[in-house]
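Shown next, in structure tokens, is the structure this report addresses.
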Amino acid sequence: MIKGKMSSIAALFIAAAVLSAPCAALGQSATTSDPTAAGKAVFKRANCFGCHKWHGNGGGGYGGDALSLRKTELTREQIIETVSCGRPGTGMPFFTRGAYDTVKCYGMNRQEVGSQMPQEAGTFLRPNDIEAVADYVIANIKGKGEPDYAECVAFFGTTSRVCDIYKTQAPPAANSDAANGKKQ
Amino acid sequence: MSKLVRRGFLLRASMLATVVAAVGIAGAQTVRAADEVTQERLLNADKEPGNWLLHHKNFSATRFSSLKDINRDTVKNLKVAWTMQLGGVEGGGIWTHGGLEGTPIVENGFMYVTDGWGSVYKIDAHGGKGVLVWKMDPKTDHDWAGAVACCGVDNRGVALWGDLVISHTLDGRLVATNKETGQVTWQRQVADPDKGEVITGAPLIVKNMAITGVAGAEYGIRGWIAATDLSTQKEVWRTYTIPAKDEPGHETWKDANNAAATGGGSTWVTGTYDPATDTIIWGVGNPGPDWDNQYRPGDNLYTDSSLGLDASTGKIKWHYQHTPNDPFDYDSVAENVLADVPAPNGSTLKLALEADRNGFAYAIDRTSGKFIWGLPFVKKVTWTKGLDPESGKPVEYDANSPVQHYNAAVTPSRENKVTDICPGNMGGKNWPPTAYNPDLKLWYIPVIESCNRITVEQADPAKLKPREFWTGGGPSQPVRITGSVTAIDVTTGKIAGKAEMPFPMLGGMLATPDLVFTGLPSGEVMALDAKTLQKLWEFNTGGGVSAPPMSFSVDGKQYIAILVGLGGAWDKWFIESTPELKRMQPGSVLYVFAL
């Protein structure tokens, strides 16, 4: 019961903090006035972060190497085209209904792209969704340096511990373990 | 024991004396007191044939149920008795959905199952139906854990101890829940997702300790196995699978990068226990970065090994390494099945059996870690010509070479950046458990018959960050992947049969006196003849199976139970090798079958 009360109080506090924006401490907090909020919602809903990660840096792993959106040199128009049509021959899927069929991509149809045909995404996006996510990438990800705590919290909020590792810029914790040896 | 006998007597008495309600109540109260799970009961788990008390059925991991009402003659009449929709399908982190990989635990007609996010469900299975008694939701931190779960939102089940249900959460906790009330009694953070550590395995209970394994070898962890005292909730021991600088085995990490500190060696499959020698036998995962073995010259102990640990101290008694300096992601996390078989000289061989990701099945002496026999259990192996008959090491293994090349034509390396390997990196067998029939001496392996393509990326220590992938490349799937159930005669170390399957075996096995049960990711649950592997029964659940079947009895009636709902990494990373499985939707259902 106490726990329940505490979370409602916390919720009230957070709501108050958001309402009293601009709040410098929270950085780019997602208020209704954030012009890229819709794009961030698409970034989550379409599972862009499943491969590119929340911070856009992508990285290797079992799925192959998703390109870094922080280091990308693509323009807004090129991002829109890449999201719409995927990238032939890679794991980047296409998000436009009818891509390579009713909508030509990179000047090619399904037959012309052949075995390089990208996968179909789990979610199809409408053109305004794709523009919104491109705007979000341009404004919040492209050209940014290393991700930090404020940016992480802006994406996830504060209900998860997912951002805790960005609170300090300590070296990887795993490194110290081997030096310490076996813990009893 | 006396408690057990008494309880059995009272149960029977209460069932017979149905006219005297008072006797029934008295009986029920006695049952409650006797429900305490003790080391004695766990050691004798097979003497409670209607129950399934441990993750792998018993400390030896046979997954063999002696119940035989469902048998070769009757199995054709097997049908759904009841089902229950579970939760935990939601996504988190890099995952769009959770799935089911757990083995139900059953004690005296009550079943305990978990969903992928670690919620525990207690279900009353009496009376031919399933009724939810309670659900314990540990409120797992989805984003924190899901972002560093390499291979899905998974939880493989609970353990029982005293009046507690012991479980893990993906975000690294060991949770003790009161068996009667479903209230959390205590919990302890064992693994740290800030370091890329998560937990997917079921705990193993040995002598008042919960043994925990960890996942995260794709995120630069340094693996360990930890024992928590269930009375004091304190850590009894934690044994790292990669030796520290002052420990034997450290010399097998010869690089200048301090690769050992982030060298992987995860332990995410529940191990076994040999009470005769007080030894825990546990498999260790791949080294990291997975595919760039030039980053970490040396044999990289104890990655890709089976370990024998002193249960009281966690001290490593022996080890057997399968793939030194592994460049394939051929981990050895698989369970070691403990089997005793007659030796030619009249003595008894005390074996530990392991079906490795590298495509070979191994029998080692579980008292010494010495190799006895090994053979390929998959149809196609390309990375080596075979095992040395004396040592069991791959014949190309060169103890004097810091970097192993095996069959260099196909082995991933900085010079051979794109190459196809067989088995593929998901292995000949992944985590889905084998089963062993001690009467027939047949060991059943759920096989992934596979090849896949590895693309190497030279690992750069500057890119090493906590919670980020540390793999040195990645796989892709240009080749169709199928599966099989492969039976090995443990007395000869030869393949006794192979039943081909259209899809990889992602769920695992159950053995009964004359049947084996398994499921497919395309939805079918099936029973095969234990000797011929001929299919005798099949039911399509309509959901992907990635969990092993089990059997129990209640009210004198035998049931087969299996969780259905595709978990794991297959639909995110490997689906292109099985395009038909794209039609399988996420789900979360418990199926229970009876005659």
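Chains: A, B, ... in order of the structure tokens. Residues: from 1 per chain. Ligands: from 1, in order shown.
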Note to self: Quick one: residues within 10 Å of Gln111 (chain A), only C-alpha atoms, excluding same-chain residues fewer than 4 positions away - as a PyMOL selection string?
What the structure shows: chain A and resi 100-101+115-117
Could those residues be written to a file, using C-alpha atoms, as a PDB file, in the first residue's frame?
ATOM      1  CA  TYR A 100       9.422  -2.062 -55.124  1.00  0.00           C
ATOM      2  CA  ASP A 101       5.892  -2.995 -56.281  1.00  0.00           C
ATOM      3  CA  SER A 115      18.156 -11.122 -54.622  1.00  0.00           C
ATOM      4  CA  GLN A 116      19.186  -7.820 -53.038  1.00  0.00           C
ATOM      5  CA  MET A 117      15.538  -7.162 -52.133  1.00  0.00           C
TER       6      MET A 117
END
At most 8 Å to chain A: residues in chain B, only C-alpha atoms, as a short mmCIF file (atom, residue, chain, number, x, y, z; two decimals) with C-alpha atoms, in the first residue's frame:
data_model
loop_
_atom_site.label_atom_id
_atom_site.label_comp_id
_atom_site.auth_asym_id
_atom_site.auth_seq_id
_atom_site.Cartn_x
_atom_site.Cartn_y
_atom_site.Cartn_z
CA GLY B 93 14.92 -3.12 -24.92
CA ILE B 94 15.79 -4.36 -28.41
CA TRP B 95 13.02 -6.99 -28.34
CA THR B 96 9.56 -6.66 -29.80
CA ASP B 141 12.95 -3.54 -15.72
CA HIS B 142 12.20 -4.14 -19.38
CA ASP B 143 14.44 -1.51 -20.92
CA TRP B 144 17.41 -2.09 -18.60
CA ALA B 145 17.42 -5.85 -19.16
CA CYS B 150 21.48 -10.97 -26.62
CA ASP B 194 24.93 -2.33 -16.10
CA LYS B 195 27.76 -4.71 -17.04
CA GLU B 218 28.04 -10.98 -26.46
CA GLY B 220 31.87 -8.27 -22.90
CA ILE B 221 31.03 -9.78 -19.54
CA ARG B 222 33.37 -11.97 -17.52
CA GLU B 235 26.61 -15.15 -1.42
CA VAL B 236 28.44 -18.36 -0.50
CA TRP B 237 30.76 -18.38 -3.49
CA ARG B 238 31.14 -16.90 -6.94
CA THR B 239 33.44 -18.67 -9.34
CA TYR B 240 34.49 -16.75 -12.42
CA PRO B 243 40.64 -17.03 -14.30
CA ALA B 244 42.02 -13.92 -12.63
CA LYS B 245 45.68 -12.98 -13.07
CA ASP B 246 46.86 -15.11 -10.13
CA ALA B 260 40.18 -11.88 -20.24
CA ALA B 261 38.41 -9.03 -18.45
CA THR B 262 35.70 -9.02 -21.10
CA LYS B 465 31.67 -0.24 -23.88
CA PRO B 466 29.45 -1.69 -21.19
CA GLU B 468 27.14 -2.62 -26.13
CA PHE B 469 27.61 -5.68 -28.33
CA TRP B 470 31.15 -7.11 -28.32
CA THR B 471 31.07 -9.79 -30.99
CA GLY B 472 33.79 -9.10 -33.58
CA GLY B 473 31.35 -9.68 -36.42
CA GLY B 474 28.02 -11.31 -36.95
CA PRO B 475 26.12 -14.11 -38.66
CA SER B 476 23.78 -14.08 -41.64
CA LYS B 572 15.03 -11.64 -34.82
CA TRP B 573 18.40 -12.98 -35.96
#
Which residues come within 7 Å of Tyr112 (chain B), counting only C-alpha atoms, excluding same-chain residues fewer than 6 positions away, as a list in words?
Pro104, Ile105, Val106, Val120, Tyr121, Lys122 and Ile123 of chain B
(request) Write out as a PyMOL selection string the residues lying within 7 Å of Asn358 (chain B), counting only C-alpha atoms and excluding same-chain residues fewer than 5 positions away. (result) chain B and resi 330+423+427-428
Contacts of Asn425 (chain B) at 7 Å or less, counting only C-alpha atoms, minus same-chain residues fewer than 6 places along, as a count of residues only? 4
In Å, with one decimal, what is the gap from CA of Leu125 (chain A) to CA of Phe95 (chain A)?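 Calculated distance between CA of Leu125 (chain A) and CA of Phe95 (chain A) is 5.6 Å.
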